[in-house]
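K.L.:
Got a file for you: entry-v2.pdb, PDB, C-alpha atoms.
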MODEL        1
ATOM      1  CA  MET V 215       4.264  -7.146 -30.134  1.00  0.00           C
ATOM      2  CA  GLY V 216       7.950  -7.105 -30.828  1.00  0.00           C
ATOM      3  CA  THR V 217      10.228  -8.996 -33.192  1.00  0.00           C
ATOM      4  CA  GLY V 218      11.087 -12.440 -31.816  1.00  0.00           C
ATOM      5  CA  GLU V 219       8.110 -12.683 -29.448  1.00  0.00           C
ATOM      6  CA  SER V 220       6.042 -15.866 -29.363  1.00  0.00           C
ATOM      7  CA  VAL V 221       2.382 -15.552 -30.331  1.00  0.00           C
ATOM      8  CA  ARG V 222      -0.552 -17.960 -30.376  1.00  0.00           C
ATOM      9  CA  ILE V 223      -3.290 -17.977 -32.994  1.00  0.00           C
ATOM     10  CA  TRP V 224      -6.536 -19.755 -32.124  1.00  0.00           C
ATOM     11  CA  SER V 225      -9.651 -20.616 -34.085  1.00  0.00           C
ATOM     12  CA  VAL V 226     -12.902 -22.120 -32.864  1.00  0.00           C
ATOM     13  CA  ARG V 227     -14.725 -21.927 -36.188  1.00  0.00           C
ATOM     14  CA  ASP V 228     -17.323 -24.624 -36.829  1.00  0.00           C
ATOM     15  CA  ALA V 229     -16.727 -26.063 -33.338  1.00  0.00           C
ATOM     16  CA  GLU V 230     -13.381 -27.500 -34.487  1.00  0.00           C
ATOM     17  CA  PRO V 231     -10.774 -25.633 -32.442  1.00  0.00           C
ATOM     18  CA  TRP V 232      -7.140 -25.510 -33.460  1.00  0.00           C
ATOM     19  CA  GLY V 233      -4.193 -23.405 -32.426  1.00  0.00           C
ATOM     20  CA  LEU V 234      -0.767 -22.504 -33.721  1.00  0.00           C
ATOM     21  CA  THR V 235       2.243 -21.027 -32.015  1.00  0.00           C
ATOM     22  CA  GLY V 236       4.367 -18.684 -34.089  1.00  0.00           C
ATOM     23  CA  VAL V 237       7.063 -16.055 -33.806  1.00  0.00           C
ATOM     24  CA  VAL V 238       6.841 -12.397 -34.779  1.00  0.00           C
ATOM     25  CA  GLY V 239       9.244 -12.138 -37.725  1.00  0.00           C
ATOM     26  CA  SER V 240       9.005  -8.399 -38.304  1.00  0.00           C
ATOM     27  CA  ILE V 241       6.926  -5.330 -37.555  1.00  0.00           C
ATOM     28  CA  GLY V 242       5.834  -2.848 -40.184  1.00  0.00           C
ATOM     29  CA  VAL V 243       3.147  -0.518 -41.417  1.00  0.00           C
ATOM     30  CA  VAL V 244       0.545  -1.545 -43.980  1.00  0.00           C
ATOM     31  CA  GLU V 245      -2.218   0.370 -45.685  1.00  0.00           C
ATOM     32  CA  GLY V 246      -5.560  -0.258 -44.003  1.00  0.00           C
ATOM     33  CA  ARG V 247      -8.860  -0.269 -45.919  1.00  0.00           C
ATOM     34  CA  LEU V 248     -10.705   2.321 -43.861  1.00  0.00           C
ATOM     35  CA  SER V 249      -8.343   4.039 -41.491  1.00  0.00           C
ATOM     36  CA  GLY V 250      -5.152   4.450 -43.524  1.00  0.00           C
ATOM     37  CA  PRO V 251      -1.786   3.032 -42.371  1.00  0.00           C
ATOM     38  CA  VAL V 252      -1.859   0.582 -39.478  1.00  0.00           C
ATOM     39  CA  ALA V 253       0.861  -1.252 -37.566  1.00  0.00           C
ATOM     40  CA  ALA V 254       1.149  -4.919 -38.518  1.00  0.00           C
ATOM     41  CA  ALA V 255       3.245  -7.901 -37.520  1.00  0.00           C
ATOM     42  CA  ARG V 256       4.439 -10.657 -39.840  1.00  0.00           C
ATOM     43  CA  VAL V 257       4.024 -13.900 -37.893  1.00  0.00           C
ATOM     44  CA  VAL V 258       6.124 -16.922 -38.858  1.00  0.00           C
ATOM     45  CA  LEU V 259       4.200 -20.158 -38.277  1.00  0.00           C
ATOM     46  CA  PRO V 260       5.809 -23.599 -37.988  1.00  0.00           C
ATOM     47  CA  TYR V 261       3.041 -25.280 -40.009  1.00  0.00           C
ATOM     48  CA  ARG V 262       1.207 -24.754 -43.286  1.00  0.00           C
ATOM     49  CA  LEU V 263      -2.560 -24.628 -43.058  1.00  0.00           C
ATOM     50  CA  LEU V 264      -4.870 -26.510 -45.346  1.00  0.00           C
ATOM     51  CA  LYS V 265      -7.980 -24.881 -46.778  1.00  0.00           C
ATOM     52  CA  THR V 266      -9.947 -26.716 -44.083  1.00  0.00           C
ATOM     53  CA  ASP V 267      -8.082 -24.808 -41.312  1.00  0.00           C
ATOM     54  CA  ARG V 268      -6.670 -28.044 -39.945  1.00  0.00           C
ATOM     55  CA  ARG V 269      -3.232 -28.032 -38.426  1.00  0.00           C
ATOM     56  CA  LEU V 270      -0.522 -29.971 -40.203  1.00  0.00           C
ATOM     57  CA  GLY V 271       2.197 -31.747 -38.307  1.00  0.00           C
ATOM     58  CA  ARG V 272       2.273 -33.484 -34.967  1.00  0.00           C
ATOM     59  CA  GLY V 273       0.234 -32.375 -31.997  1.00  0.00           C
ATOM     60  CA  ALA V 274       1.504 -32.112 -28.463  1.00  0.00           C
ATOM     61  CA  GLU V 275       3.653 -34.947 -27.185  1.00  0.00           C
ATOM     62  CA  VAL V 276       1.829 -37.172 -24.739  1.00  0.00           C
ATOM     63  CA  GLY V 277       4.804 -37.830 -22.445  1.00  0.00           C
ATOM     64  CA  LEU V 278       5.527 -34.760 -20.318  1.00  0.00           C
ATOM     65  CA  HIS V 279       6.877 -33.901 -16.870  1.00  0.00           C
ATOM     66  CA  LEU V 280       6.575 -30.304 -15.683  1.00  0.00           C
ATOM     67  CA  SER V 281       8.130 -29.306 -12.358  1.00  0.00           C
ATOM     68  CA  ILE V 282       9.030 -26.131 -10.508  1.00  0.00           C
ATOM     69  CA  GLY V 283      11.324 -25.259  -7.627  1.00  0.00           C
ATOM     70  CA  GLY V 284      13.070 -22.420  -5.877  1.00  0.00           C
ATOM     71  CA  GLU V 285      16.053 -20.986  -7.732  1.00  0.00           C
ATOM     72  CA  ASP V 286      18.577 -22.078  -5.081  1.00  0.00           C
ATOM     73  CA  ASP V 287      16.616 -25.096  -3.825  1.00  0.00           C
ATOM     74  CA  PRO V 288      17.378 -28.495  -5.429  1.00  0.00           C
ATOM     75  CA  ALA V 289      13.916 -29.843  -4.480  1.00  0.00           C
ATOM     76  CA  GLU V 290      11.292 -29.651  -7.226  1.00  0.00           C
ATOM     77  CA  THR V 291       7.508 -29.959  -7.098  1.00  0.00           C
ATOM     78  CA  THR V 292       5.753 -31.836  -9.896  1.00  0.00           C
ATOM     79  CA  LEU V 293       3.068 -29.593 -11.347  1.00  0.00           C
ATOM     80  CA  LEU V 294       1.901 -31.837 -14.166  1.00  0.00           C
ATOM     81  CA  GLU V 295       2.801 -35.223 -15.571  1.00  0.00           C
ATOM     82  CA  ARG V 296       1.151 -37.010 -18.496  1.00  0.00           C
ATOM     83  CA  TRP V 297       1.782 -40.326 -20.249  1.00  0.00           C
ATOM     84  CA  LEU V 298       0.019 -43.092 -22.188  1.00  0.00           C
ATOM     85  CA  ALA V 299      -1.545 -45.915 -20.190  1.00  0.00           C
ATOM     86  CA  PRO V 300      -1.121 -49.503 -21.485  1.00  0.00           C
ATOM     87  CA  SER V 301      -4.658 -49.225 -22.880  1.00  0.00           C
ATOM     88  CA  GLY V 302      -3.525 -46.288 -25.027  1.00  0.00           C
ATOM     89  CA  GLU V 303      -5.462 -43.640 -23.085  1.00  0.00           C
ATOM     90  CA  PRO V 304      -3.645 -40.476 -22.008  1.00  0.00           C
ATOM     91  CA  VAL V 305      -3.199 -40.219 -18.222  1.00  0.00           C
ATOM     92  CA  THR V 306      -2.564 -36.970 -16.341  1.00  0.00           C
ATOM     93  CA  ARG V 307      -1.355 -36.487 -12.769  1.00  0.00           C
ATOM     94  CA  GLY V 308      -0.530 -33.363 -10.788  1.00  0.00           C
ATOM     95  CA  PRO V 309      -2.372 -30.433  -9.258  1.00  0.00           C
ATOM     96  CA  ALA V 310      -1.678 -27.842 -11.963  1.00  0.00           C
ATOM     97  CA  HIS V 311      -3.796 -26.674 -14.850  1.00  0.00           C
ATOM     98  CA  VAL V 312      -1.515 -25.110 -17.460  1.00  0.00           C
ATOM     99  CA  VAL V 313      -3.001 -22.074 -19.164  1.00  0.00           C
ATOM    100  CA  GLU V 314       0.016 -21.117 -21.283  1.00  0.00           C
ATOM    101  CA  LEU V 315       3.617 -22.120 -21.782  1.00  0.00           C
ATOM    102  CA  SER V 316       5.650 -20.123 -24.268  1.00  0.00           C
ATOM    103  CA  ARG V 317       9.298 -19.218 -24.666  1.00  0.00           C
ATOM    104  CA  ARG V 318       8.843 -16.171 -22.454  1.00  0.00           C
ATOM    105  CA  ALA V 319       5.842 -16.868 -20.215  1.00  0.00           C
ATOM    106  CA  PHE V 320       4.285 -19.594 -18.099  1.00  0.00           C
ATOM    107  CA  THR V 321       0.779 -19.319 -16.636  1.00  0.00           C
ATOM    108  CA  PHE V 322      -0.779 -22.028 -14.495  1.00  0.00           C
ATOM    109  CA  SER V 323      -3.245 -22.508 -11.666  1.00  0.00           C
ATOM    110  CA  VAL V 324      -3.353 -24.884  -8.718  1.00  0.00           C
ATOM    111  CA  PRO V 325      -6.246 -25.574  -6.344  1.00  0.00           C
ATOM    112  CA  LEU V 326      -5.925 -23.748  -3.020  1.00  0.00           C
ATOM    113  CA  GLY V 327      -3.910 -25.871  -0.596  1.00  0.00           C
ATOM    114  CA  ARG V 328      -2.819 -28.425  -3.237  1.00  0.00           C
ATOM    115  CA  GLY V 329       0.274 -26.901  -4.737  1.00  0.00           C
ATOM    116  CA  PRO V 330       3.250 -24.714  -4.075  1.00  0.00           C
ATOM    117  CA  VAL V 331       2.812 -21.129  -2.864  1.00  0.00           C
ATOM    118  CA  TYR V 332       5.147 -18.500  -4.280  1.00  0.00           C
ATOM    119  CA  MET V 333       5.089 -14.740  -3.769  1.00  0.00           C
ATOM    120  CA  PRO V 334       5.323 -12.135  -6.568  1.00  0.00           C
ATOM    121  CA  GLY V 335       8.962 -11.353  -7.239  1.00  0.00           C
ATOM    122  CA  SER V 336      10.185 -14.865  -6.317  1.00  0.00           C
ATOM    123  CA  TRP V 337      12.793 -16.450  -8.592  1.00  0.00           C
ATOM    124  CA  LEU V 338      12.133 -20.066  -9.608  1.00  0.00           C
ATOM    125  CA  ARG V 339      13.372 -22.830 -11.893  1.00  0.00           C
ATOM    126  CA  LEU V 340      10.910 -24.344 -14.368  1.00  0.00           C
ATOM    127  CA  ARG V 341      11.801 -27.764 -15.761  1.00  0.00           C
ATOM    128  CA  VAL V 342      10.024 -29.334 -18.747  1.00  0.00           C
ATOM    129  CA  ASP V 343      10.946 -32.925 -19.677  1.00  0.00           C
ATOM    130  CA  LEU V 344       9.734 -34.803 -22.765  1.00  0.00           C
ATOM    131  CA  PRO V 345      10.799 -38.398 -22.003  1.00  0.00           C
ATOM    132  CA  ALA V 346       9.831 -39.878 -25.386  1.00  0.00           C
ATOM    133  CA  SER V 347      12.139 -37.574 -27.328  1.00  0.00           C
ATOM    134  CA  GLY V 348      14.775 -37.146 -24.608  1.00  0.00           C
ATOM    135  CA  LEU V 349      14.434 -33.364 -24.685  1.00  0.00           C
ATOM    136  CA  ARG V 350      14.382 -31.169 -21.602  1.00  0.00           C
ATOM    137  CA  ALA V 351      14.561 -27.482 -20.823  1.00  0.00           C
ATOM    138  CA  VAL V 352      15.278 -25.688 -17.560  1.00  0.00           C
ATOM    139  CA  SER V 353      14.411 -21.998 -17.376  1.00  0.00           C
ATOM    140  CA  ARG V 354      14.785 -19.222 -14.832  1.00  0.00           C
ATOM    141  CA  ALA V 355      11.377 -17.777 -14.007  1.00  0.00           C
ATOM    142  CA  ARG V 356      10.164 -14.819 -12.012  1.00  0.00           C
ATOM    143  CA  VAL V 357       6.704 -14.747 -10.444  1.00  0.00           C
ATOM    144  CA  GLN V 358       5.011 -11.653 -11.876  1.00  0.00           C
ATOM    145  CA  THR V 359       1.510 -12.094 -10.481  1.00  0.00           C
ATOM    146  CA  VAL V 360      -0.453 -14.349  -8.169  1.00  0.00           C
ATOM    147  CA  PHE V 361      -4.155 -14.086  -7.485  1.00  0.00           C
ATOM    148  CA  GLU V 362      -6.996 -16.192  -6.165  1.00  0.00           C
ATOM    149  CA  CYS V 363      -9.802 -17.107  -8.537  1.00  0.00           C
ATOM    150  CA  ASP V 364     -12.550 -19.716  -7.964  1.00  0.00           C
ATOM    151  CA  GLU V 365     -10.720 -21.730  -5.290  1.00  0.00           C
ATOM    152  CA  HIS V 366      -7.491 -21.679  -7.329  1.00  0.00           C
ATOM    153  CA  LEU V 367      -4.267 -19.707  -7.215  1.00  0.00           C
ATOM    154  CA  LEU V 368      -3.351 -18.409 -10.650  1.00  0.00           C
ATOM    155  CA  TYR V 369       0.352 -17.729 -11.286  1.00  0.00           C
ATOM    156  CA  GLY V 370       1.846 -15.648 -14.063  1.00  0.00           C
ATOM    157  CA  LEU V 371       5.590 -16.156 -14.541  1.00  0.00           C
ATOM    158  CA  SER V 372       7.999 -14.556 -16.959  1.00  0.00           C
ATOM    159  CA  LEU V 373      10.779 -16.815 -18.232  1.00  0.00           C
ATOM    160  CA  THR V 374      13.991 -14.806 -18.224  1.00  0.00           C
ATOM    161  CA  GLY V 375      16.562 -17.245 -19.534  1.00  0.00           C
ATOM    162  CA  THR V 376      17.607 -20.841 -19.778  1.00  0.00           C
ATOM    163  CA  ASP V 377      19.800 -22.916 -17.499  1.00  0.00           C
ATOM    164  CA  ALA V 378      23.434 -23.382 -18.475  1.00  0.00           C
ATOM    165  CA  GLY V 379      22.648 -26.915 -19.736  1.00  0.00           C
ATOM    166  CA  THR V 380      19.815 -25.796 -22.044  1.00  0.00           C
ATOM    167  CA  CYS V 381      20.362 -24.009 -25.347  1.00  0.00           C
ATOM    168  CA  ASP V 382      17.766 -21.596 -26.760  1.00  0.00           C
ATOM    169  CA  ASP V 383      16.957 -23.893 -29.699  1.00  0.00           C
ATOM    170  CA  GLU V 384      16.260 -26.850 -27.408  1.00  0.00           C
ATOM    171  CA  HIS V 385      14.110 -24.636 -25.168  1.00  0.00           C
ATOM    172  CA  ARG V 386      12.094 -23.458 -28.177  1.00  0.00           C
ATOM    173  CA  GLU V 387      11.582 -27.040 -29.412  1.00  0.00           C
ATOM    174  CA  VAL V 388      10.562 -28.344 -25.968  1.00  0.00           C
ATOM    175  CA  VAL V 389       7.976 -25.572 -25.582  1.00  0.00           C
ATOM    176  CA  ARG V 390       6.619 -26.224 -29.084  1.00  0.00           C
ATOM    177  CA  ARG V 391       6.298 -29.970 -28.499  1.00  0.00           C
ATOM    178  CA  ALA V 392       4.778 -29.583 -25.020  1.00  0.00           C
ATOM    179  CA  GLY V 393       1.721 -28.203 -26.806  1.00  0.00           C
ATOM    180  CA  PHE V 394       0.339 -25.572 -24.431  1.00  0.00           C
TER     181      PHE V 394
ENDMDL
END
Go ahead and express the file in the form of structure tokens.

P.N.:
Amino acid sequence: MGTGESVRIWSVRDAEPWGLTGVVGSIGVVEGRLSGPVAAARVVLPYRLLKTDRRLGRGAEVGLHLSIGGEDDPAETTLLERWLAPSGEPVTRGPAHVVELSRRAFTFSVPLGRGPVYMPGSWLRLRVDLPASGLRAVSRARVQTVFECDEHLLYGLSLTGTDAGTCDDEHREVVRRAGF
């Protein structure tokens, strides 16, 4: 891990899963109990934890639109869209299952034949809209890996920068609120 990288911390203790996204604040060496000095990272978390291990603060925003397109192609494909139905139930539409979305990486899968097909090395644009808060982020992405697994195509993309209309702070906030 390096300073400034995004990290995720997960717990599934007592069948009550929770997760936090943080940022590596610094790297150092600490004295280990058995093996002497070990490398350690100080992770800055956006929430305080209670003694019950519950997450404080708001969860993921319900309203979300996630789309992807070729870098020079204005057409975009909706990967995932979610909103609240009039009954108050969350509704999801789109072929993608999002595994991870962080400031520097995006991993998702789509069923074979149901979504876009991109080759490793392709340059794309990833757009994340949060309609309720009016936030959006557009990032340049490069396809690092694609492989077939259980009738799905799994994509691993590295996010290499934001669009001219998106600042780094807005990108960070959109990713945090998207909740993946």

K.L.:
Identify all residues satisfying the PyMOL selection byres ((chain V and resi 299-316) around 9) in the given file; provide them as a PyMOL selection string.

P.N.:
chain V and resi 220-222+235+276-277+292-298+317-325+328-329+373+386+389-390+392-394

K.L.:
Any chance you could work out the residue set of the PyMOL selection byres ((chain V and resi 371) around 6) here, as a ChimeraX atom specification?

P.N.:
/V:319-320,356-358,370,372

K.L.:
Report the distance between atom CA of Leu280 of chain V and atom CA of Val237 of chain V in Å, rounded to one decimal place.

P.N.:
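Answer for the atom CA of Leu280 of chain V to atom CA of Val237 of chain V separation: 23.1 Å.
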
K.L.:
Give me, please, the distance in Å between atom CA of Thr291 of chain V and atom CA of Val342 of chain V, quoted to one decimal.

P.N.:
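So the answer is 11.9 Å.
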
K.L.:
I'd like the contact shell of Ser347 of chain V - 10 Å cut-off, all atoms listed in the file, skipping same-chain residues fewer than 2 positions apart - returned as a PyMOL selection string.

P.N.:
chain V and resi 275+277+343-345+349-350+388+391

K.L.:
Store the residues picked out above in a file with C-alpha atoms, as a PDB file, keeping the file's coordinate frame.

P.N.:
ATOM      1  CA  GLU V 275       3.653 -34.947 -27.185  1.00  0.00           C
ATOM      2  CA  GLY V 277       4.804 -37.830 -22.445  1.00  0.00           C
ATOM      3  CA  ASP V 343      10.946 -32.925 -19.677  1.00  0.00           C
ATOM      4  CA  LEU V 344       9.734 -34.803 -22.765  1.00  0.00           C
ATOM      5  CA  PRO V 345      10.799 -38.398 -22.003  1.00  0.00           C
ATOM      6  CA  LEU V 349      14.434 -33.364 -24.685  1.00  0.00           C
ATOM      7  CA  ARG V 350      14.382 -31.169 -21.602  1.00  0.00           C
ATOM      8  CA  VAL V 388      10.562 -28.344 -25.968  1.00  0.00           C
ATOM      9  CA  ARG V 391       6.298 -29.970 -28.499  1.00  0.00           C
TER      10      ARG V 391
END

K.L.:
Rank V:Leu326, V:Val244, V:Ala355, V:Val257 by their smallest atom-to-atom distance to Gly284 of chain V, using all atoms listed in the file, and report the top residue only.

P.N.:
V:Ala355

K.L.:
Restricting the calculation to only C-alpha atoms, which member of V:Trp337, V:Val243, V:Gly250, V:Val258 is positioned closest to Ile223 of chain V?

P.N.:
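Between V:Trp337, V:Val243, V:Gly250, V:Val258, the residue approaching Ile223 of chain V most closely is V:Val258.
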
K.L.:
Might you spell out which residues the PyMOL selection byres ((chain V and resi 380) around 12) would select in the displayed file, as a PyMOL selection string?

P.N.:
chain V and resi 340-343+349-354+375-379+381-388

K.L.:
Rank V:Gly335, V:Leu278, V:Ala346, V:Gly327 by their smallest atom-to-atom distance to Glu362 of chain V, using only C-alpha atoms, and report the top residue only.

P.N.:
V:Gly327

K.L.:
Could all heavy atoms be built for segment 282-293 of chain V and written out as a short mmCIF file (atom, residue, chain, number, x, y, z; two decimals), in the coordinates of the input?

P.N.:
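The resulting file, part.cif, is reproduced below:
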data_model
loop_
_atom_site.label_atom_id
_atom_site.label_comp_id
_atom_site.auth_asym_id
_atom_site.auth_seq_id
_atom_site.Cartn_x
_atom_site.Cartn_y
_atom_site.Cartn_z
N ILE V 282 8.59 -27.47 -10.87
CA ILE V 282 9.03 -26.13 -10.51
C ILE V 282 9.69 -26.18 -9.14
O ILE V 282 9.35 -27.03 -8.31
CB ILE V 282 7.83 -25.16 -10.53
CG1 ILE V 282 8.29 -23.72 -10.60
CG2 ILE V 282 6.90 -25.40 -9.38
CD1 ILE V 282 7.21 -22.77 -11.02
N GLY V 283 10.65 -25.31 -8.92
CA GLY V 283 11.32 -25.26 -7.63
C GLY V 283 11.97 -23.91 -7.42
O GLY V 283 12.10 -23.12 -8.35
N GLY V 284 12.37 -23.66 -6.19
CA GLY V 284 13.07 -22.42 -5.88
C GLY V 284 14.39 -22.35 -6.63
O GLY V 284 15.00 -23.38 -6.91
N GLU V 285 14.84 -21.14 -6.92
CA GLU V 285 16.05 -20.99 -7.73
C GLU V 285 17.28 -21.62 -7.09
O GLU V 285 18.09 -22.24 -7.76
CB GLU V 285 16.31 -19.51 -8.00
CG GLU V 285 17.44 -19.29 -8.98
CD GLU V 285 17.65 -17.83 -9.29
OE1 GLU V 285 17.59 -17.00 -8.38
OE2 GLU V 285 17.91 -17.54 -10.46
N ASP V 286 17.41 -21.52 -5.77
CA ASP V 286 18.58 -22.08 -5.08
C ASP V 286 18.26 -23.36 -4.34
O ASP V 286 19.08 -23.86 -3.58
CB ASP V 286 19.14 -21.04 -4.10
CG ASP V 286 19.61 -19.78 -4.82
OD1 ASP V 286 20.15 -19.92 -5.94
OD2 ASP V 286 19.41 -18.68 -4.28
N ASP V 287 17.06 -23.91 -4.53
CA ASP V 287 16.62 -25.10 -3.82
C ASP V 287 16.61 -26.28 -4.79
O ASP V 287 15.93 -26.24 -5.81
CB ASP V 287 15.20 -24.85 -3.28
CG ASP V 287 14.68 -26.01 -2.46
OD1 ASP V 287 15.45 -26.95 -2.20
OD2 ASP V 287 13.50 -25.97 -2.08
N PRO V 288 17.35 -27.36 -4.50
CA PRO V 288 17.38 -28.50 -5.43
C PRO V 288 16.06 -29.27 -5.49
O PRO V 288 15.81 -29.99 -6.44
CB PRO V 288 18.50 -29.38 -4.88
CG PRO V 288 18.66 -28.98 -3.46
CD PRO V 288 18.23 -27.55 -3.35
N ALA V 289 15.19 -29.12 -4.48
CA ALA V 289 13.92 -29.84 -4.48
C ALA V 289 12.97 -29.23 -5.51
O ALA V 289 12.91 -28.02 -5.68
CB ALA V 289 13.28 -29.78 -3.10
N GLU V 290 12.25 -30.10 -6.22
CA GLU V 290 11.29 -29.65 -7.23
C GLU V 290 9.93 -30.24 -6.91
O GLU V 290 9.83 -31.33 -6.37
CB GLU V 290 11.72 -30.09 -8.63
CG GLU V 290 12.97 -29.42 -9.13
CD GLU V 290 13.35 -29.86 -10.54
OE1 GLU V 290 12.82 -30.88 -11.02
OE2 GLU V 290 14.18 -29.18 -11.14
N THR V 291 8.88 -29.51 -7.27
CA THR V 291 7.51 -29.96 -7.10
C THR V 291 6.94 -30.28 -8.47
O THR V 291 7.02 -29.44 -9.37
CB THR V 291 6.65 -28.86 -6.44
OG1 THR V 291 7.21 -28.55 -5.16
CG2 THR V 291 5.22 -29.29 -6.28
N THR V 292 6.38 -31.48 -8.63
CA THR V 292 5.75 -31.84 -9.90
C THR V 292 4.44 -31.09 -10.02
O THR V 292 3.56 -31.21 -9.16
CB THR V 292 5.50 -33.35 -9.98
OG1 THR V 292 6.77 -34.02 -9.96
CG2 THR V 292 4.75 -33.71 -11.25
N LEU V 293 4.32 -30.30 -11.08
CA LEU V 293 3.07 -29.59 -11.35
C LEU V 293 2.14 -30.42 -12.21
O LEU V 293 0.94 -30.47 -11.99
CB LEU V 293 3.35 -28.27 -12.06
CG LEU V 293 4.07 -27.19 -11.26
CD1 LEU V 293 4.36 -25.99 -12.13
CD2 LEU V 293 3.23 -26.78 -10.05
#
